[in-house]
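This is query-v7.pdb (PDB, C-alpha atoms, pLDDT in the B column).
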```pdb
ATOM      1  CA  MET A   2       0.000   0.000   0.000  1.00 66.00           C
ATOM      2  CA  GLY A   3       2.916   2.332   0.674  1.00 75.00           C
ATOM      3  CA  SER A   4       3.934   2.332  -2.984  1.00 81.00           C
ATOM      4  CA  VAL A   5       0.368   3.167  -4.028  1.00 86.00           C
ATOM      5  CA  ILE A   6       0.253   6.158  -1.671  1.00 86.00           C
ATOM      6  CA  GLY A   7       3.618   7.314  -2.984  1.00 85.00           C
ATOM      7  CA  ASP A   8       2.384   7.104  -6.574  1.00 85.00           C
ATOM      8  CA  ILE A   9      -0.839   9.034  -5.998  1.00 89.00           C
ATOM      9  CA  LEU A  10       0.566  11.828  -3.810  1.00 88.00           C
ATOM     10  CA  PRO A  11       1.963  13.905  -6.731  1.00 86.00           C
ATOM     11  CA  LEU A  12      -1.364  13.533  -8.549  1.00 88.00           C
ATOM     12  CA  ALA A  13      -3.326  14.684  -5.499  1.00 91.00           C
ATOM     13  CA  LEU A  14      -0.986  17.664  -5.138  1.00 88.00           C
ATOM     14  CA  GLY A  15      -1.517  18.419  -8.819  1.00 84.00           C
ATOM     15  CA  ILE A  16      -5.244  18.866  -8.204  1.00 88.00           C
ATOM     16  CA  ALA A  17      -4.650  20.748  -4.949  1.00 89.00           C
ATOM     17  CA  ILE A  18      -2.318  23.304  -6.548  1.00 83.00           C
ATOM     18  CA  SER A  19      -4.617  23.942  -9.528  1.00 81.00           C
ATOM     19  CA  PRO A  20      -5.147  27.747  -9.323  1.00 79.00           C
ATOM     20  CA  ILE A  21      -8.572  28.142 -10.979  1.00 82.00           C
ATOM     21  CA  PRO A  22     -10.688  26.439  -8.254  1.00 87.00           C
ATOM     22  CA  ILE A  23      -8.684  28.249  -5.560  1.00 85.00           C
ATOM     23  CA  ILE A  24      -9.322  31.601  -7.282  1.00 84.00           C
ATOM     24  CA  ALA A  25     -13.030  30.731  -7.587  1.00 86.00           C
ATOM     25  CA  ALA A  26     -13.232  29.832  -3.892  1.00 87.00           C
ATOM     26  CA  ILE A  27     -11.486  33.075  -2.912  1.00 85.00           C
ATOM     27  CA  LEU A  28     -13.809  35.161  -5.089  1.00 84.00           C
ATOM     28  CA  MET A  29     -16.766  33.496  -3.385  1.00 86.00           C
ATOM     29  CA  LEU A  30     -15.289  34.281   0.020  1.00 85.00           C
ATOM     30  CA  LEU A  31     -15.029  37.940  -1.042  1.00 81.00           C
ATOM     31  CA  SER A  32     -18.606  38.007  -2.418  1.00 81.00           C
ATOM     32  CA  PRO A  33     -21.798  39.174  -0.619  1.00 78.00           C
ATOM     33  CA  LYS A  34     -23.001  35.557  -0.200  1.00 81.00           C
ATOM     34  CA  ALA A  35     -19.651  34.289   1.025  1.00 80.00           C
ATOM     35  CA  ARG A  36     -20.736  31.669   3.548  1.00 84.00           C
ATOM     36  CA  GLY A  37     -23.391  29.911   1.478  1.00 88.00           C
ATOM     37  CA  THR A  38     -21.532  29.856  -1.829  1.00 90.00           C
ATOM     38  CA  SER A  39     -18.162  28.903  -0.350  1.00 90.00           C
ATOM     39  CA  VAL A  40     -19.592  25.971   1.624  1.00 92.00           C
ATOM     40  CA  GLY A  41     -21.522  24.814  -1.449  1.00 93.00           C
ATOM     41  CA  PHE A  42     -18.393  25.127  -3.569  1.00 93.00           C
ATOM     42  CA  LEU A  43     -16.318  23.121  -1.072  1.00 94.00           C
ATOM     43  CA  ALA A  44     -18.952  20.364  -0.919  1.00 95.00           C
ATOM     44  CA  GLY A  45     -19.106  20.124  -4.712  1.00 95.00           C
ATOM     45  CA  TRP A  46     -15.308  20.113  -4.961  1.00 95.00           C
ATOM     46  CA  VAL A  47     -14.934  17.231  -2.485  1.00 95.00           C
ATOM     47  CA  ILE A  48     -17.746  15.150  -3.970  1.00 95.00           C
ATOM     48  CA  GLY A  49     -16.471  15.727  -7.510  1.00 94.00           C
ATOM     49  CA  ILE A  50     -13.001  14.498  -6.552  1.00 94.00           C
ATOM     50  CA  VAL A  51     -14.459  11.441  -4.798  1.00 94.00           C
ATOM     51  CA  VAL A  52     -16.657  10.528  -7.772  1.00 94.00           C
ATOM     52  CA  ALA A  53     -13.789  10.849 -10.260  1.00 92.00           C
ATOM     53  CA  ILE A  54     -11.266   8.842  -8.233  1.00 93.00           C
ATOM     54  CA  VAL A  55     -13.793   6.111  -7.336  1.00 93.00           C
ATOM     55  CA  VAL A  56     -14.922   5.674 -10.949  1.00 92.00           C
ATOM     56  CA  PHE A  57     -11.374   5.252 -12.237  1.00 90.00           C
ATOM     57  CA  THR A  58     -10.401   3.040  -9.305  1.00 91.00           C
ATOM     58  CA  LEU A  59     -13.241   0.702 -10.239  1.00 90.00           C
ATOM     59  CA  LEU A  60     -12.138   0.772 -13.879  1.00 87.00           C
ATOM     60  CA  GLY A  61      -8.557   0.050 -12.847  1.00 81.00           C
ATOM     61  CA  ALA A  62      -9.721  -2.883 -10.725  1.00 81.00           C
ATOM     62  CA  ILE A  63     -11.194  -4.689 -13.742  1.00 80.00           C
ATOM     63  CA  LEU A  64      -7.872  -4.748 -15.588  1.00 67.00           C
ATOM     64  CA  PRO A  65      -6.481  -8.293 -15.931  1.00 59.00           C
ATOM     65  CA  ALA A  66      -4.819  -9.343 -12.677  1.00 52.00           C
ATOM     66  CA  THR A  67      -1.130 -10.260 -12.680  1.00 50.00           C
ATOM     67  CA  ASP A  68       1.486 -11.262 -10.150  1.00 49.00           C
ATOM     68  CA  ASP A  69       3.096  -8.407  -8.240  1.00 50.00           C
ATOM     69  CA  ASP A  70       6.421  -9.025  -9.981  1.00 49.00           C
ATOM     70  CA  ALA A  71       4.910  -9.508 -13.433  1.00 52.00           C
ATOM     71  CA  SER A  72       4.561  -6.796 -16.044  1.00 59.00           C
ATOM     72  CA  LYS A  73       1.255  -4.956 -16.402  1.00 68.00           C
ATOM     73  CA  PRO A  74       1.226  -3.841 -20.040  1.00 73.00           C
ATOM     74  CA  ILE A  75      -2.395  -2.666 -20.135  1.00 73.00           C
ATOM     75  CA  ALA A  76      -2.104  -0.498 -17.027  1.00 69.00           C
ATOM     76  CA  GLY A  77       1.296   0.697 -18.276  1.00 77.00           C
ATOM     77  CA  ALA A  78      -0.096   1.711 -21.660  1.00 81.00           C
ATOM     78  CA  ILE A  79      -2.966   3.604 -20.023  1.00 79.00           C
ATOM     79  CA  LYS A  80      -0.541   5.479 -17.751  1.00 77.00           C
ATOM     80  CA  ILE A  81       1.666   6.430 -20.711  1.00 85.00           C
ATOM     81  CA  VAL A  82      -1.329   7.775 -22.644  1.00 86.00           C
ATOM     82  CA  LEU A  83      -2.528   9.750 -19.615  1.00 83.00           C
ATOM     83  CA  GLY A  84       0.999  11.106 -19.096  1.00 81.00           C
ATOM     84  CA  LEU A  85       1.229  12.239 -22.720  1.00 88.00           C
ATOM     85  CA  LEU A  86      -2.117  14.015 -22.412  1.00 86.00           C
ATOM     86  CA  LEU A  87      -0.841  15.813 -19.314  1.00 82.00           C
ATOM     87  CA  LEU A  88       2.236  16.934 -21.271  1.00 87.00           C
ATOM     88  CA  LEU A  89       0.007  18.304 -24.043  1.00 88.00           C
ATOM     89  CA  LEU A  90      -1.999  20.233 -21.454  1.00 82.00           C
ATOM     90  CA  ALA A  91       1.260  21.557 -19.987  1.00 82.00           C
ATOM     91  CA  LEU A  92       2.260  22.877 -23.421  1.00 86.00           C
ATOM     92  CA  LYS A  93      -1.149  24.488 -23.893  1.00 82.00           C
ATOM     93  CA  GLN A  94      -0.940  26.175 -20.490  1.00 75.00           C
ATOM     94  CA  TRP A  95       2.586  27.456 -21.185  1.00 79.00           C
ATOM     95  CA  ARG A  96       1.526  29.019 -24.469  1.00 79.00           C
ATOM     96  CA  SER A  97      -1.450  30.730 -22.792  1.00 73.00           C
ATOM     97  CA  ARG A  98       0.601  32.433 -20.080  1.00 71.00           C
ATOM     98  CA  PRO A  99       0.452  36.260 -20.073  1.00 67.00           C
ATOM     99  CA  HIS A 100       3.439  38.245 -21.339  1.00 65.00           C
ATOM    100  CA  GLY A 101       4.739  41.363 -19.650  1.00 61.00           C
ATOM    101  CA  ASP A 102       2.111  43.355 -17.778  1.00 62.00           C
ATOM    102  CA  SER A 103      -0.824  42.025 -19.774  1.00 63.00           C
ATOM    103  CA  GLU A 104      -3.855  40.973 -17.732  1.00 60.00           C
ATOM    104  CA  PRO A 105      -4.404  37.189 -17.758  1.00 62.00           C
ATOM    105  CA  ALA A 106      -7.668  35.944 -19.212  1.00 62.00           C
ATOM    106  CA  LEU A 107      -9.920  34.227 -16.688  1.00 64.00           C
ATOM    107  CA  PRO A 108     -13.041  32.109 -17.334  1.00 67.00           C
ATOM    108  CA  LYS A 109     -16.120  34.248 -18.069  1.00 72.00           C
ATOM    109  CA  TRP A 110     -18.161  32.469 -15.383  1.00 72.00           C
ATOM    110  CA  MET A 111     -16.024  34.102 -12.697  1.00 74.00           C
ATOM    111  CA  SER A 112     -17.741  37.438 -13.362  1.00 71.00           C
ATOM    112  CA  ALA A 113     -21.033  35.907 -12.164  1.00 77.00           C
ATOM    113  CA  ILE A 114     -19.725  34.672  -8.815  1.00 80.00           C
ATOM    114  CA  ASP A 115     -21.168  37.629  -6.854  1.00 76.00           C
ATOM    115  CA  SER A 116     -24.703  36.581  -7.841  1.00 80.00           C
ATOM    116  CA  MET A 117     -24.105  32.828  -7.555  1.00 85.00           C
ATOM    117  CA  THR A 118     -26.222  30.667  -5.229  1.00 89.00           C
ATOM    118  CA  ALA A 119     -24.950  27.816  -3.061  1.00 90.00           C
ATOM    119  CA  VAL A 120     -26.480  25.241  -5.420  1.00 93.00           C
ATOM    120  CA  ARG A 121     -24.826  26.774  -8.484  1.00 91.00           C
ATOM    121  CA  ALA A 122     -21.527  26.962  -6.588  1.00 91.00           C
ATOM    122  CA  PHE A 123     -21.868  23.260  -5.752  1.00 95.00           C
ATOM    123  CA  LEU A 124     -22.507  22.332  -9.394  1.00 93.00           C
ATOM    124  CA  LEU A 125     -19.636  24.522 -10.593  1.00 91.00           C
ATOM    125  CA  ALA A 126     -17.188  22.926  -8.172  1.00 92.00           C
ATOM    126  CA  PHE A 127     -18.373  19.435  -9.076  1.00 94.00           C
ATOM    127  CA  LEU A 128     -17.752  20.126 -12.766  1.00 91.00           C
ATOM    128  CA  LEU A 129     -14.324  21.628 -12.068  1.00 88.00           C
ATOM    129  CA  ALA A 130     -13.342  18.573 -10.013  1.00 89.00           C
ATOM    130  CA  ALA A 131     -14.891  15.720 -11.986  1.00 87.00           C
ATOM    131  CA  VAL A 132     -15.109  17.007 -15.580  1.00 84.00           C
ATOM    132  CA  ASN A 133     -12.320  19.570 -16.004  1.00 83.00           C
ATOM    133  CA  PRO A 134      -9.731  17.850 -18.271  1.00 82.00           C
ATOM    134  CA  LYS A 135      -6.672  18.649 -16.120  1.00 81.00           C
ATOM    135  CA  ASN A 136      -8.175  17.378 -12.881  1.00 84.00           C
ATOM    136  CA  LEU A 137      -9.902  14.472 -14.604  1.00 86.00           C
ATOM    137  CA  LEU A 138      -6.621  13.230 -16.080  1.00 85.00           C
ATOM    138  CA  MET A 139      -4.925  13.354 -12.685  1.00 85.00           C
ATOM    139  CA  ALA A 140      -7.849  11.622 -10.970  1.00 88.00           C
ATOM    140  CA  ALA A 141      -7.863   9.010 -13.750  1.00 87.00           C
ATOM    141  CA  SER A 142      -4.137   8.395 -13.315  1.00 86.00           C
ATOM    142  CA  ALA A 143      -4.551   7.995  -9.554  1.00 89.00           C
ATOM    143  CA  GLY A 144      -7.573   5.739  -9.954  1.00 88.00           C
ATOM    144  CA  ILE A 145      -5.702   3.440 -12.340  1.00 87.00           C
ATOM    145  CA  VAL A 146      -2.824   3.244  -9.849  1.00 87.00           C
ATOM    146  CA  ILE A 147      -5.136   2.330  -6.975  1.00 89.00           C
ATOM    147  CA  GLY A 148      -7.397  -0.007  -8.925  1.00 86.00           C
ATOM    148  CA  SER A 149      -4.630  -1.946 -10.659  1.00 81.00           C
ATOM    149  CA  ALA A 150      -2.535  -2.391  -7.492  1.00 80.00           C
ATOM    150  CA  GLY A 151      -4.532  -5.414  -6.364  1.00 79.00           C
ATOM    151  CA  GLU A 152      -5.016  -4.058  -2.829  1.00 80.00           C
ATOM    152  CA  SER A 153      -7.955  -4.982  -0.577  1.00 85.00           C
ATOM    153  CA  ALA A 154     -11.117  -2.880  -0.547  1.00 85.00           C
ATOM    154  CA  GLY A 155     -10.100  -1.382   2.791  1.00 88.00           C
ATOM    155  CA  ALA A 156      -6.645  -0.397   1.577  1.00 88.00           C
ATOM    156  CA  SER A 157      -8.089   1.104  -1.613  1.00 90.00           C
ATOM    157  CA  THR A 158     -10.588   3.094   0.449  1.00 92.00           C
ATOM    158  CA  VAL A 159      -7.789   4.478   2.622  1.00 93.00           C
ATOM    159  CA  ALA A 160      -5.864   5.504  -0.512  1.00 92.00           C
ATOM    160  CA  ILE A 161      -8.955   7.232  -1.922  1.00 94.00           C
ATOM    161  CA  VAL A 162      -9.527   9.105   1.351  1.00 95.00           C
ATOM    162  CA  ILE A 163      -5.891  10.263   1.492  1.00 94.00           C
ATOM    163  CA  PHE A 164      -6.030  11.360  -2.153  1.00 94.00           C
ATOM    164  CA  THR A 165      -9.269  13.286  -1.577  1.00 95.00           C
ATOM    165  CA  LEU A 166      -8.033  15.030   1.581  1.00 95.00           C
ATOM    166  CA  ILE A 167      -4.872  16.251  -0.129  1.00 94.00           C
ATOM    167  CA  ALA A 168      -6.557  17.190  -3.412  1.00 93.00           C
ATOM    168  CA  ALA A 169      -9.334  19.132  -1.656  1.00 93.00           C
ATOM    169  CA  SER A 170      -7.092  20.826   0.924  1.00 93.00           C
ATOM    170  CA  SER A 171      -6.290  23.960  -1.107  1.00 89.00           C
ATOM    171  CA  VAL A 172      -9.991  24.833  -1.385  1.00 91.00           C
ATOM    172  CA  ALA A 173     -10.911  23.598   2.102  1.00 92.00           C
ATOM    173  CA  LEU A 174      -8.264  25.597   3.989  1.00 90.00           C
ATOM    174  CA  PRO A 175      -9.287  29.127   2.873  1.00 87.00           C
ATOM    175  CA  VAL A 176     -12.986  28.294   3.291  1.00 89.00           C
ATOM    176  CA  ILE A 177     -12.496  26.948   6.812  1.00 89.00           C
ATOM    177  CA  ALA A 178     -10.192  29.842   7.727  1.00 86.00           C
ATOM    178  CA  TYR A 179     -12.791  32.333   6.505  1.00 83.00           C
ATOM    179  CA  LEU A 180     -15.584  30.665   8.469  1.00 82.00           C
ATOM    180  CA  VAL A 181     -13.443  30.854  11.607  1.00 82.00           C
ATOM    181  CA  ALA A 182     -12.102  34.407  11.164  1.00 77.00           C
ATOM    182  CA  ALA A 183     -13.851  36.192   8.303  1.00 67.00           C
ATOM    183  CA  GLN A 184     -12.645  39.756   8.940  1.00 70.00           C
ATOM    184  CA  LYS A 185      -8.978  38.831   9.336  1.00 73.00           C
ATOM    185  CA  MET A 186      -8.917  36.758   6.134  1.00 71.00           C
ATOM    186  CA  ALA A 187     -10.156  39.390   3.636  1.00 69.00           C
ATOM    187  CA  ALA A 188      -6.786  41.062   2.922  1.00 74.00           C
ATOM    188  CA  PRO A 189      -4.694  37.849   2.735  1.00 78.00           C
ATOM    189  CA  LEU A 190      -7.270  36.241   0.441  1.00 74.00           C
ATOM    190  CA  GLU A 191      -7.224  39.238  -1.910  1.00 73.00           C
ATOM    191  CA  SER A 192      -3.411  39.144  -2.088  1.00 77.00           C
ATOM    192  CA  LEU A 193      -3.436  35.404  -2.782  1.00 72.00           C
ATOM    193  CA  ARG A 194      -6.080  35.837  -5.478  1.00 73.00           C
ATOM    194  CA  GLY A 195      -3.975  38.457  -7.278  1.00 71.00           C
ATOM    195  CA  TRP A 196      -0.877  36.257  -7.242  1.00 71.00           C
ATOM    196  CA  LEU A 197      -2.768  33.202  -8.501  1.00 70.00           C
ATOM    197  CA  VAL A 198      -4.433  35.167 -11.305  1.00 67.00           C
ATOM    198  CA  HIS A 199      -1.088  36.366 -12.680  1.00 68.00           C
ATOM    199  CA  ASN A 200       0.711  33.036 -12.260  1.00 68.00           C
ATOM    200  CA  ASN A 201      -2.067  30.577 -13.094  1.00 65.00           C
ATOM    201  CA  ALA A 202      -0.760  29.418 -16.476  1.00 71.00           C
ATOM    202  CA  THR A 203       2.884  29.215 -15.400  1.00 74.00           C
ATOM    203  CA  VAL A 204       2.107  27.234 -12.243  1.00 72.00           C
ATOM    204  CA  MET A 205      -0.110  24.766 -14.075  1.00 73.00           C
ATOM    205  CA  SER A 206       2.259  24.266 -17.011  1.00 80.00           C
ATOM    206  CA  VAL A 207       5.196  23.392 -14.739  1.00 79.00           C
ATOM    207  CA  LEU A 208       2.985  21.212 -12.559  1.00 74.00           C
ATOM    208  CA  LEU A 209       1.476  19.303 -15.474  1.00 78.00           C
ATOM    209  CA  LEU A 210       4.919  18.828 -17.015  1.00 83.00           C
ATOM    210  CA  VAL A 211       6.344  17.267 -13.858  1.00 80.00           C
ATOM    211  CA  ILE A 212       3.324  15.051 -13.199  1.00 78.00           C
ATOM    212  CA  GLY A 213       3.118  13.984 -16.855  1.00 79.00           C
ATOM    213  CA  VAL A 214       6.743  12.855 -16.831  1.00 84.00           C
ATOM    214  CA  VAL A 215       6.186  10.972 -13.557  1.00 77.00           C
ATOM    215  CA  VAL A 216       3.097   9.196 -14.909  1.00 77.00           C
ATOM    216  CA  ILE A 217       4.878   8.222 -18.130  1.00 82.00           C
ATOM    217  CA  GLY A 218       7.794   6.897 -16.069  1.00 80.00           C
ATOM    218  CA  LYS A 219       5.394   4.779 -13.985  1.00 73.00           C
ATOM    219  CA  GLY A 220       3.782   3.511 -17.157  1.00 76.00           C
ATOM    220  CA  ILE A 221       7.123   2.478 -18.666  1.00 82.00           C
ATOM    221  CA  GLY A 222       7.979   0.761 -15.388  1.00 72.00           C
ATOM    222  CA  SER A 223       4.845  -1.387 -15.664  1.00 68.00           C
ATOM    223  CA  PHE A 224       6.202  -3.252 -18.708  1.00 70.00           C
TER     224      PHE A 224
END
```
Would you mind giving the structure from this file in structure tokens?
Amino acid sequence: MGSVIGDILPLALGIAISPIPIIAAILMLLSPKARGTSVGFLAGWVIGIVVAIVVFTLLGAILPATDDDASKPIAGAIKIVLGLLLLLLALKQWRSRPHGDSEPALPKWMSAIDSMTAVRAFLLAFLLAAVNPKNLLMAASAGIVIGSAGESAGASTVAIVIFTLIAASSVALPVIAYLVAAQKMAAPLESLRGWLVHNNATVMSVLLLVIGVVVIGKGIGSF
């Protein structure tokens, strides 16, 4: 089980460090309906991650079983394909980064956050976690690792819980901090939002590059 946890940790961190959901959560915390929308967003984010990782863990579990020391060509091929897709996303992110003092382009839906309800925030977070290509690829890679490892149901559940806690932490921490001390968090959250907006593409491109190479390496090692 230790090797499984080690393999999925970088993927969980990849989701956790993804700037867009963090920016969205911060904007909700700075909006008039901060408490309702932020809690709804956090719930959708956690459930979306759980759904994605569970689905791909179940898919990974149906791959042909092999001995621990034997090669796993099917799982290896899937990991290589997922790694290559992550590298393509890294290239796309790098090309989209802002140059000089130009203002980075953000998703149009962010302009509607001030009027967003808790239910809409929940649905938005669920889509960002379970459908967004970057997060979906990382959840798929982690699910294949867990499902194809041949661990017991209990061990797989523990791995899923650890993955979810780490992946959701970057959204959970500012929301919880705001709920505990709303007035003190306004200025730090605004500063963090500004930094993430201007460094979104660069952070994600480097992150996707590193994780893509790691996943491809794991895939090659499965042969």
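Nearest residue to Val132 in chain A among A:Ala53, A:Ile27, A:Val204, A:Val216 is A:Ala53, counting all atoms listed in the file.
Each of A:Ala62, A:Ile221, A:Ile147, A:Ala178 was checked against Val162 in chain A using only C-alpha atoms; the smallest atom-to-atom distance is that of A:Ile147.
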Would you please work out which residue, of A:Ser32, A:Val5, A:Pro74, A:Ser97, is nearest to Met205 in chain A when using only C-alpha atoms?
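Distance minimum relative to Met205 in chain A lands on A:Ser97.
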Suppose you want the space between CA of Gly151 in chain A and CA of Leu87 in chain A; what is it in Å?
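Distance reported for this atom pair: 25.1 Å.
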Once the PyMOL selection byres ((chain A and resi 110-114) around 8) has been evaluated on this model, what residues remain selected, and can you format them as a list in words?
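Applied to this file, the PyMOL selection byres ((chain A and resi 110-114) around 8) selects Ala25, Leu28, Met29, Ser32, Leu107, Pro108, Lys109, Asp115, Ser116 and Met117 of chain A.
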Give me the result of the PyMOL selection byres ((chain A and resi 45) around 7) on this file, residue by residue, as a ChimeraX atom specification.
/A:41-44,46-49,123-124,126-127
Identify, on the basis of only C-alpha atoms, every residue whose closest approach to Pro11 in chain A does not exceed 12 Å; exclude the query and any residue fewer than 3 positions from it along the same chain; express the result as a list in words.
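Answer for this query is Val5, Ile6, Gly7, Asp8, Leu14, Gly15, Ile16, Ala17, Ile18, Met139, Ala140, Ser142, Ala143, Ile163, Phe164, Ile167, Ala168, Leu208, Leu209, Leu210, Val211, Ile212, Gly213, Val214, Val215 and Val216 of chain A.
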Please produce a file of those selected residues containing C-alpha atoms, as a CSV table (one decimal), in the coordinates of the input.
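Saved to result.csv:
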```
chain,number,residue,atom,x,y,z
A,5,VAL,CA,0.4,3.2,-4.0
A,6,ILE,CA,0.3,6.2,-1.7
A,7,GLY,CA,3.6,7.3,-3.0
A,8,ASP,CA,2.4,7.1,-6.6
A,14,LEU,CA,-1.0,17.7,-5.1
A,15,GLY,CA,-1.5,18.4,-8.8
A,16,ILE,CA,-5.2,18.9,-8.2
A,17,ALA,CA,-4.6,20.7,-4.9
A,18,ILE,CA,-2.3,23.3,-6.5
A,139,MET,CA,-4.9,13.4,-12.7
A,140,ALA,CA,-7.8,11.6,-11.0
A,142,SER,CA,-4.1,8.4,-13.3
A,143,ALA,CA,-4.6,8.0,-9.6
A,163,ILE,CA,-5.9,10.3,1.5
A,164,PHE,CA,-6.0,11.4,-2.2
A,167,ILE,CA,-4.9,16.3,-0.1
A,168,ALA,CA,-6.6,17.2,-3.4
A,208,LEU,CA,3.0,21.2,-12.6
A,209,LEU,CA,1.5,19.3,-15.5
A,210,LEU,CA,4.9,18.8,-17.0
A,211,VAL,CA,6.3,17.3,-13.9
A,212,ILE,CA,3.3,15.1,-13.2
A,213,GLY,CA,3.1,14.0,-16.9
A,214,VAL,CA,6.7,12.9,-16.8
A,215,VAL,CA,6.2,11.0,-13.6
A,216,VAL,CA,3.1,9.2,-14.9
```
Show me the residues around (1.9, 25.8, -17.7) - criterion: an atom at most 6 Å away, all atoms listed in the file counted - as a ChimeraX atom specification.
/A:91,94-95,202-207
Separation of CA of Ala13 in chain A and CA of Ile217 in chain A, in Å?
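Atom-to-atom, CA of Ala13 in chain A to CA of Ile217 in chain A, that is 16.4 Å.
Each of A:Gly220, A:Gly155, A:Pro175, A:Pro134 was checked against Arg36 in chain A using all atoms listed in the file; the smallest atom-to-atom distance is that of A:Pro175.
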Evaluate the PyMOL selection byres ((chain A and resi 182-191) around 12) against this structure - the residues, as a PyMOL selection string, please.
chain A and resi 23-32+35-36+172+174-181+192-198
Proximity to Gly77 in chain A - best of A:Ser149, A:Ser157, A:Ser39, A:Ser170, all atoms listed in the file:
A:Ser149
Considering only C-alpha atoms, can you say which of A:Ile9, A:Ala150, A:Ala130, A:Ile21 comes closest to Val51 in chain A?
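Comparing A:Ile9, A:Ala150, A:Ala130, A:Ile21 against Val51 in chain A, the winner is A:Ala130.
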So how many Å separate CA of Leu129 in chain A and CA of Glu152 in chain A, to one decimal?
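If I compute the distance from CA of Leu129 in chain A to CA of Glu152 in chain A, I get 28.8 Å.
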